[in-house]
Amino acid sequence: MATAAPASAAALPVPYVIAAGAAPSILAPNSAPPGADDWTCRPSAAHPRPVVLVPGTFENARFNWDSLAPLLKNNGYCVFAINYGDNGLTGSPIKSVGPVANSAAELAAFIDRVLAATGAAKVDLVGHSQGGMMPRYYLKFLGGAPKVNALVGLAPSNHGTTLDGLTTLEDALGTLGFSNFLFGTVCDACVDQADGSPFMTNLNAGGDTVPGVSYTVVSTRYDLVATPYTSQQLSGPDVTNIVLQDQCALDFAGHVRVAFDPIALTDVLNALDPAHPRPVPCLYIPPSI
């Protein structure tokens, strides 16, 4: 029997550590992060929309959402996490490298599957890096807006980034054991995300947002990947731009660390349930990529 995701269920561990999901993401790159992809889950009245998690460039869902997926599940959400853009290398831990428009079409099909399984009318989206930007193509060009209530971007590449930023990301993930795969991977998404690319120009022409969807952007001044960090911010109605250091000067998180940062993830919870905001903690988060 399908059941809702009760907040009173046994809590899953929430490791706010980048390395926690690294090994399982290599050994089982197509596996779901803890708490995600229970296709029998039915949303509760308190959280009527399932949350779809969208990873960033070079990342897979198992790695990227090792903290947020169990946190959302513990808070009573139905959680789903997509892998996309593997350019046909299904068994590789390197995902999210295909052309962004093609990846948006994959997201469209995944959201339709989530809505059909859960019976929900809309989803909420949370994405990191490319995963915070790519859904905007789905909303703007693929008819996704009526199916989405909110898009929350963690360090999203909304207006592109520099080649240096993408190289920094590649090097950083190489230290987690991905380098052998990276050197043999063609990254169409990197070309699309370059500052001033035809893709980015088309995506942002005519405005950043579409009506009917709320947008939240969480960024860090110490981002060395989606640069400058101010390029992540959106303009338009129903937009909230958050800079982590405006909330807590002790937070030195970089681009990758944002997805594992308890301060940023509290912002996510508040964006998904603005009627019940919780205090945002101020903790020392050491410098990291």
# chains A, B, ... in the order shown; residues from 1 in each chain; ligands from 1
$ select_by_dssp --residues "stretch 92-151 of chain A" --states "helix (DSSP H, G or I)" --output "ChimeraX atom specification"
/A:100-118,130-141,145-147
$ select_by_dssp --residues "stretch 18-52 of chain A" --states "strand (DSSP E)" --output "ChimeraX atom specification"
/A:41-42,51-52
$ write_last_selection --atoms "C-alpha atoms" --output "short mmCIF file (atom, residue, chain, number, x, y, z; two decimals), in the first residue's frame"
data_model
loop_
_atom_site.label_atom_id
_atom_site.label_comp_id
_atom_site.auth_asym_id
_atom_site.auth_seq_id
_atom_site.Cartn_x
_atom_site.Cartn_y
_atom_site.Cartn_z
CA CYS A 41 5.40 7.62 -1.53
CA ARG A 42 2.31 9.81 -1.50
CA VAL A 51 10.58 17.43 -4.37
CA VAL A 52 12.75 16.62 -7.38
#
$ closest_residue --among "A:Val152, A:Ser288, A:Ser235, A:Gly143" --to "A:Asp112" --atoms "only C-alpha atoms"
A:Gly143
$ residues_around --residues "A:Thr161" --least-positions-apart "6" --cutoff "8 Å" --atoms "only C-alpha atoms" --output "VMD selection string"
chain A and resid 193 to 195 225 to 228 231
$ write_last_selection --atoms "all heavy atoms" --output "compact mmCIF listing (two decimals), in the first residue's frame"
# COMPACT_ATOMS: atom_id res chain seq x y z
N GLN A 193 27.26 26.21 -20.81
CA GLN A 193 27.29 27.06 -19.63
C GLN A 193 28.33 28.17 -19.67
O GLN A 193 28.41 28.97 -18.73
CB GLN A 193 27.52 26.21 -18.38
CG GLN A 193 26.34 25.33 -18.01
CD GLN A 193 26.66 24.45 -16.82
OE1 GLN A 193 26.37 24.78 -15.68
NE2 GLN A 193 27.25 23.30 -17.10
N ALA A 194 29.10 28.23 -20.73
CA ALA A 194 30.11 29.28 -20.83
C ALA A 194 29.43 30.64 -20.92
O ALA A 194 28.39 30.81 -21.57
CB ALA A 194 30.99 29.05 -22.05
N ASP A 195 30.01 31.59 -20.26
CA ASP A 195 29.49 32.96 -20.27
C ASP A 195 29.38 33.47 -21.71
O ASP A 195 30.33 33.42 -22.47
CB ASP A 195 30.44 33.85 -19.47
CG ASP A 195 29.98 35.28 -19.40
OD1 ASP A 195 28.76 35.53 -19.50
OD2 ASP A 195 30.84 36.17 -19.25
N VAL A 225 33.50 28.53 -9.00
CA VAL A 225 33.04 27.78 -10.16
C VAL A 225 32.04 28.58 -10.98
O VAL A 225 32.28 28.90 -12.15
CB VAL A 225 32.45 26.42 -9.74
CG1 VAL A 225 31.89 25.68 -10.96
CG2 VAL A 225 33.52 25.57 -9.06
N ALA A 226 30.89 28.90 -10.41
CA ALA A 226 29.89 29.73 -11.08
C ALA A 226 30.23 31.19 -10.77
O ALA A 226 29.75 31.76 -9.78
CB ALA A 226 28.48 29.38 -10.61
N THR A 227 31.10 31.74 -11.60
CA THR A 227 31.69 33.04 -11.29
C THR A 227 31.27 34.11 -12.29
O THR A 227 31.04 33.81 -13.47
CB THR A 227 33.22 32.91 -11.30
OG1 THR A 227 33.63 32.33 -12.56
CG2 THR A 227 33.72 32.03 -10.18
N PRO A 228 31.19 35.38 -11.84
CA PRO A 228 31.20 35.78 -10.44
C PRO A 228 29.94 35.29 -9.74
O PRO A 228 28.92 35.01 -10.39
CB PRO A 228 31.24 37.31 -10.51
CG PRO A 228 30.54 37.62 -11.79
CD PRO A 228 30.93 36.53 -12.74
N SER A 231 26.48 36.47 -10.66
CA SER A 231 25.83 36.04 -11.90
C SER A 231 24.80 34.95 -11.65
O SER A 231 23.98 34.66 -12.53
CB SER A 231 26.87 35.54 -12.90
OG SER A 231 27.45 34.31 -12.47
$ residues_around --residues "A:Leu269" --least-positions-apart "4" --cutoff "12 Å" --atoms "only C-alpha atoms" --output "ChimeraX atom specification"
/A:47,51,68-69,71-77,124-126,150,152,216,218,262-265,273-280
$ residues_around --residues "A:Lys95" --least-positions-apart "3" --cutoff "12 Å" --atoms "only C-alpha atoms" --output "ChimeraX atom specification"
/A:25-26,29-30,54-64,82-92,98-100,103,130-131,178,181-182,185-189
$ write_last_selection --atoms "N, CA, C and O atoms" --output "compact mmCIF listing (two decimals), in the first residue's frame"
# COMPACT_ATOMS: atom_id res chain seq x y z
N SER A 25 28.83 6.81 -4.73
CA SER A 25 28.51 7.39 -6.03
C SER A 25 29.40 6.82 -7.13
O SER A 25 29.01 6.84 -8.31
N ILE A 26 30.57 6.32 -6.77
CA ILE A 26 31.45 5.67 -7.75
C ILE A 26 31.09 4.21 -7.92
O ILE A 26 31.02 3.69 -9.04
N PRO A 29 26.80 4.34 -9.27
CA PRO A 29 26.52 5.71 -9.72
C PRO A 29 25.08 5.96 -10.12
O PRO A 29 24.67 7.13 -10.20
N ASN A 30 24.31 4.91 -10.36
CA ASN A 30 22.91 5.10 -10.72
C ASN A 30 21.96 4.90 -9.54
O ASN A 30 20.74 4.93 -9.72
N VAL A 54 17.97 17.90 -8.58
CA VAL A 54 18.65 17.91 -9.88
C VAL A 54 20.14 18.21 -9.66
O VAL A 54 20.50 19.31 -9.25
N PRO A 55 21.03 17.25 -9.92
CA PRO A 55 22.46 17.45 -9.62
C PRO A 55 23.14 18.37 -10.61
O PRO A 55 22.59 18.74 -11.65
N GLY A 56 24.40 18.72 -10.27
CA GLY A 56 25.17 19.64 -11.09
C GLY A 56 26.11 18.94 -12.05
O GLY A 56 26.21 17.70 -12.10
N THR A 57 26.83 19.73 -12.81
CA THR A 57 27.76 19.23 -13.82
C THR A 57 28.81 18.31 -13.21
O THR A 57 29.38 18.61 -12.16
N PHE A 58 29.05 17.19 -13.89
CA PHE A 58 29.99 16.14 -13.49
C PHE A 58 29.48 15.32 -12.31
O PHE A 58 30.10 14.31 -11.95
N GLU A 59 28.40 15.71 -11.67
CA GLU A 59 27.93 15.04 -10.45
C GLU A 59 26.78 14.09 -10.76
O GLU A 59 26.07 14.26 -11.75
N ASN A 60 26.61 13.09 -9.92
CA ASN A 60 25.43 12.26 -9.99
C ASN A 60 24.58 12.47 -8.73
O ASN A 60 25.04 13.06 -7.75
N ALA A 61 23.35 11.99 -8.78
CA ALA A 61 22.43 12.24 -7.68
C ALA A 61 22.90 11.62 -6.38
O ALA A 61 22.71 12.20 -5.30
N ARG A 62 23.53 10.46 -6.46
CA ARG A 62 23.95 9.78 -5.23
C ARG A 62 24.98 10.61 -4.46
O ARG A 62 24.95 10.65 -3.22
N PHE A 63 25.87 11.26 -5.19
CA PHE A 63 26.86 12.12 -4.54
C PHE A 63 26.26 13.45 -4.12
O PHE A 63 26.39 13.88 -2.97
N ASN A 64 25.59 14.12 -5.05
CA ASN A 64 25.18 15.51 -4.86
C ASN A 64 24.16 15.68 -3.73
O ASN A 64 24.15 16.69 -3.02
N ILE A 82 17.01 12.83 -9.92
CA ILE A 82 17.24 12.44 -11.30
C ILE A 82 18.74 12.39 -11.60
O ILE A 82 19.51 13.20 -11.09
N ASN A 83 19.13 11.42 -12.43
CA ASN A 83 20.41 11.46 -13.12
C ASN A 83 20.13 11.77 -14.59
O ASN A 83 19.14 11.27 -15.16
N TYR A 84 20.96 12.57 -15.21
CA TYR A 84 20.68 13.00 -16.58
C TYR A 84 22.00 13.31 -17.28
O TYR A 84 23.06 13.45 -16.67
N GLY A 85 21.93 13.42 -18.60
CA GLY A 85 23.04 13.95 -19.38
C GLY A 85 24.32 13.14 -19.30
O GLY A 85 25.40 13.72 -19.24
N ASP A 86 24.21 11.80 -19.33
CA ASP A 86 25.44 11.00 -19.24
C ASP A 86 26.06 10.70 -20.60
O ASP A 86 27.05 9.98 -20.69
N ASN A 87 25.47 11.27 -21.67
CA ASN A 87 26.01 11.07 -23.02
C ASN A 87 26.19 9.60 -23.37
O ASN A 87 27.13 9.22 -24.06
N GLY A 88 25.27 8.77 -22.89
CA GLY A 88 25.29 7.36 -23.22
C GLY A 88 26.18 6.51 -22.35
O GLY A 88 26.17 5.27 -22.47
N LEU A 89 26.95 7.11 -21.46
CA LEU A 89 27.84 6.36 -20.57
C LEU A 89 27.08 6.03 -19.29
O LEU A 89 27.37 6.57 -18.21
N THR A 90 26.11 5.14 -19.40
CA THR A 90 25.17 4.90 -18.31
C THR A 90 25.84 4.46 -17.02
O THR A 90 25.44 4.85 -15.93
N GLY A 91 26.90 3.66 -17.13
CA GLY A 91 27.55 3.15 -15.93
C GLY A 91 28.58 4.06 -15.33
O GLY A 91 29.18 3.73 -14.30
N SER A 92 28.80 5.22 -15.93
CA SER A 92 29.82 6.14 -15.42
C SER A 92 29.27 6.95 -14.25
O SER A 92 28.09 7.33 -14.23
N GLY A 98 25.78 16.23 -20.81
CA GLY A 98 25.17 16.31 -22.13
C GLY A 98 24.67 17.71 -22.43
O GLY A 98 24.67 18.60 -21.57
N PRO A 99 24.23 17.96 -23.66
CA PRO A 99 23.67 19.27 -24.00
C PRO A 99 22.53 19.62 -23.04
O PRO A 99 21.68 18.79 -22.74
N VAL A 100 22.52 20.85 -22.56
CA VAL A 100 21.58 21.22 -21.52
C VAL A 100 20.14 21.10 -22.01
O VAL A 100 19.26 20.68 -21.24
N SER A 103 19.13 17.59 -21.68
CA SER A 103 18.95 17.25 -20.27
C SER A 103 17.62 17.77 -19.74
O SER A 103 16.96 17.11 -18.94
N GLN A 130 24.60 23.47 -12.43
CA GLN A 130 23.80 23.31 -13.64
C GLN A 130 22.37 22.88 -13.30
O GLN A 130 21.42 23.28 -13.97
N GLY A 131 22.23 22.07 -12.26
CA GLY A 131 20.91 21.58 -11.87
C GLY A 131 19.97 22.65 -11.37
O GLY A 131 18.75 22.44 -11.31
N PHE A 178 37.29 11.13 -9.36
CA PHE A 178 36.60 11.09 -10.63
C PHE A 178 37.50 11.37 -11.83
O PHE A 178 37.06 11.31 -12.96
N PHE A 181 37.63 9.39 -15.17
CA PHE A 181 36.45 9.49 -16.01
C PHE A 181 36.37 10.86 -16.68
O PHE A 181 35.99 10.98 -17.84
N LEU A 182 36.73 11.90 -15.96
CA LEU A 182 36.60 13.26 -16.48
C LEU A 182 37.45 13.46 -17.71
O LEU A 182 37.01 14.08 -18.68
N THR A 185 35.73 12.34 -20.88
CA THR A 185 34.34 12.72 -21.07
C THR A 185 34.24 14.02 -21.85
O THR A 185 34.92 14.98 -21.57
N VAL A 186 33.39 14.01 -22.85
CA VAL A 186 33.07 15.23 -23.58
C VAL A 186 31.96 15.95 -22.84
O VAL A 186 30.93 15.37 -22.54
N CYS A 187 32.16 17.22 -22.54
CA CYS A 187 31.21 17.96 -21.72
C CYS A 187 30.50 19.02 -22.56
O CYS A 187 30.91 20.19 -22.60
N ASP A 188 29.43 18.62 -23.23
CA ASP A 188 28.62 19.57 -23.98
C ASP A 188 28.03 20.62 -23.05
O ASP A 188 27.88 21.79 -23.43
N ALA A 189 27.68 20.21 -21.83
CA ALA A 189 27.09 21.15 -20.88
C ALA A 189 28.06 22.26 -20.50
O ALA A 189 27.63 23.37 -20.19
$ residues_around --residues "A:Trp39" --least-positions-apart "4" --cutoff "9 Å" --atoms "only C-alpha atoms" --output "PyMOL selection string"
chain A and resi 2+78+80+114+117-118
$ write_last_selection --atoms "N, CA and C atoms" --output "PDB file, in the first residue's frame"
ATOM      1  N   ALA A   2       0.554   2.222  -0.828  1.00  0.00           N
ATOM      2  CA  ALA A   2       1.318   3.458  -0.875  1.00  0.00           C
ATOM      3  C   ALA A   2       1.020   4.300   0.349  1.00  0.00           C
ATOM      4  N   CYS A  78       8.086  13.639   0.059  1.00  0.00           N
ATOM      5  CA  CYS A  78       8.408  12.630  -0.947  1.00  0.00           C
ATOM      6  C   CYS A  78       9.535  13.206  -1.801  1.00  0.00           C
ATOM      7  N   PHE A  80      12.583  12.729  -4.831  1.00  0.00           N
ATOM      8  CA  PHE A  80      13.030  12.014  -6.021  1.00  0.00           C
ATOM      9  C   PHE A  80      14.269  12.712  -6.574  1.00  0.00           C
ATOM     10  N   VAL A 114       7.100  11.353 -11.963  1.00  0.00           N
ATOM     11  CA  VAL A 114       6.874  11.634 -10.542  1.00  0.00           C
ATOM     12  C   VAL A 114       5.427  12.040 -10.300  1.00  0.00           C
ATOM     13  N   ALA A 117       3.146   9.013 -10.567  1.00  0.00           N
ATOM     14  CA  ALA A 117       3.296   8.059  -9.462  1.00  0.00           C
ATOM     15  C   ALA A 117       2.698   8.588  -8.167  1.00  0.00           C
ATOM     16  N   THR A 118       2.850   9.871  -7.921  1.00  0.00           N
ATOM     17  CA  THR A 118       2.445  10.440  -6.630  1.00  0.00           C
ATOM     18  C   THR A 118       1.032  10.999  -6.637  1.00  0.00           C
TER      19      THR A 118
END
$ closest_atom_pairs --of "stretch 65-175 of chain A" --to "stretch 197-202 of chain A" --cutoff "10 Å" --atoms "only C-alpha atoms" --output "CSV"
residue,atom,partner,partner_atom,distance
A:Pro99,CA,A:Phe199,CA,9.5
A:Val100,CA,A:Phe199,CA,8.3
A:Ala101,CA,A:Phe199,CA,8.5
A:Met133,CA,A:Met200,CA,9.8
A:Tyr137,CA,A:Asn202,CA,9.4
A:Ser157,CA,A:Met200,CA,9.5
A:Asn158,CA,A:Met200,CA,8.0
A:His159,CA,A:Met200,CA,6.3
A:Gly160,CA,A:Met200,CA,6.3
A:Thr161,CA,A:Ser197,CA,9.7
$ write_last_selection --atoms "all heavy atoms" --output "mmCIF file, in the first residue's frame"
data_model
loop_
_atom_site.group_PDB
_atom_site.id
_atom_site.type_symbol
_atom_site.label_atom_id
_atom_site.label_comp_id
_atom_site.auth_asym_id
_atom_site.auth_seq_id
_atom_site.Cartn_x
_atom_site.Cartn_y
_atom_site.Cartn_z
ATOM 1 N N PRO A 99 24.234 17.958 -23.658
ATOM 2 C CA PRO A 99 23.671 19.266 -24.000
ATOM 3 C C PRO A 99 22.532 19.623 -23.040
ATOM 4 O O PRO A 99 21.677 18.790 -22.741
ATOM 5 C CB PRO A 99 23.162 19.072 -25.426
ATOM 6 C CG PRO A 99 23.981 17.942 -25.976
ATOM 7 C CD PRO A 99 24.236 17.035 -24.816
ATOM 8 N N VAL A 100 22.523 20.849 -22.565
ATOM 9 C CA VAL A 100 21.576 21.224 -21.519
ATOM 10 C C VAL A 100 20.141 21.100 -22.009
ATOM 11 O O VAL A 100 19.256 20.680 -21.241
ATOM 12 C CB VAL A 100 21.876 22.647 -21.003
ATOM 13 C CG1 VAL A 100 20.856 23.053 -19.944
ATOM 14 C CG2 VAL A 100 23.280 22.712 -20.417
ATOM 15 N N ALA A 101 19.862 21.444 -23.254
ATOM 16 C CA ALA A 101 18.497 21.325 -23.766
ATOM 17 C C ALA A 101 18.030 19.875 -23.741
ATOM 18 O O ALA A 101 16.869 19.580 -23.406
ATOM 19 C CB ALA A 101 18.413 21.890 -25.182
ATOM 20 N N MET A 133 20.094 25.726 -12.855
ATOM 21 C CA MET A 133 19.856 26.512 -14.062
ATOM 22 C C MET A 133 19.063 25.747 -15.105
ATOM 23 O O MET A 133 18.120 26.267 -15.709
ATOM 24 C CB MET A 133 21.209 26.966 -14.642
ATOM 25 C CG MET A 133 21.161 27.641 -15.996
ATOM 26 S SD MET A 133 21.112 26.499 -17.429
ATOM 27 C CE MET A 133 22.722 25.748 -17.339
ATOM 28 N N TYR A 137 15.225 26.116 -18.420
ATOM 29 C CA TYR A 137 14.943 25.808 -19.826
ATOM 30 C C TYR A 137 13.649 25.005 -19.926
ATOM 31 O O TYR A 137 12.808 25.272 -20.801
ATOM 32 C CB TYR A 137 16.111 25.034 -20.433
ATOM 33 C CG TYR A 137 16.014 24.854 -21.935
ATOM 34 C CD1 TYR A 137 16.652 25.737 -22.801
ATOM 35 C CD2 TYR A 137 15.292 23.792 -22.484
ATOM 36 C CE1 TYR A 137 16.568 25.578 -24.180
ATOM 37 C CE2 TYR A 137 15.195 23.628 -23.856
ATOM 38 C CZ TYR A 137 15.828 24.522 -24.703
ATOM 39 O OH TYR A 137 15.726 24.360 -26.068
ATOM 40 N N SER A 157 24.195 28.083 -12.135
ATOM 41 C CA SER A 157 24.924 28.762 -13.216
ATOM 42 C C SER A 157 23.940 29.533 -14.097
ATOM 43 O O SER A 157 23.910 29.361 -15.320
ATOM 44 C CB SER A 157 25.711 27.750 -14.041
ATOM 45 O OG SER A 157 24.857 26.703 -14.500
ATOM 46 N N ASN A 158 23.160 30.415 -13.509
ATOM 47 C CA ASN A 158 22.037 31.037 -14.210
ATOM 48 C C ASN A 158 22.440 31.923 -15.379
ATOM 49 O O ASN A 158 21.691 32.046 -16.342
ATOM 50 C CB ASN A 158 21.194 31.847 -13.226
ATOM 51 C CG ASN A 158 20.231 30.976 -12.446
ATOM 52 O OD1 ASN A 158 19.668 30.037 -12.989
ATOM 53 N ND2 ASN A 158 20.054 31.279 -11.175
ATOM 54 N N HIS A 159 23.596 32.549 -15.308
ATOM 55 C CA HIS A 159 24.032 33.414 -16.399
ATOM 56 C C HIS A 159 25.397 32.979 -16.940
ATOM 57 O O HIS A 159 26.154 33.786 -17.472
ATOM 58 C CB HIS A 159 24.051 34.873 -15.943
ATOM 59 C CG HIS A 159 22.687 35.388 -15.609
ATOM 60 N ND1 HIS A 159 22.177 35.376 -14.319
ATOM 61 C CD2 HIS A 159 21.703 35.881 -16.398
ATOM 62 C CE1 HIS A 159 20.947 35.863 -14.335
ATOM 63 N NE2 HIS A 159 20.633 36.171 -15.570
ATOM 64 N N GLY A 160 25.688 31.689 -16.789
ATOM 65 C CA GLY A 160 26.925 31.153 -17.311
ATOM 66 C C GLY A 160 28.092 31.398 -16.376
ATOM 67 O O GLY A 160 27.978 32.047 -15.341
ATOM 68 N N THR A 161 29.229 30.850 -16.772
ATOM 69 C CA THR A 161 30.432 31.006 -15.965
ATOM 70 C C THR A 161 31.642 31.011 -16.892
ATOM 71 O O THR A 161 31.507 30.868 -18.114
ATOM 72 C CB THR A 161 30.551 29.887 -14.917
ATOM 73 O OG1 THR A 161 31.669 30.161 -14.058
ATOM 74 C CG2 THR A 161 30.753 28.530 -15.567
#
$ residues_around --residues "A:Ile285" --least-positions-apart "5" --cutoff "9 Å" --atoms "only C-alpha atoms" --output "NGL selection string"
:A and (250-253 or 261-263)
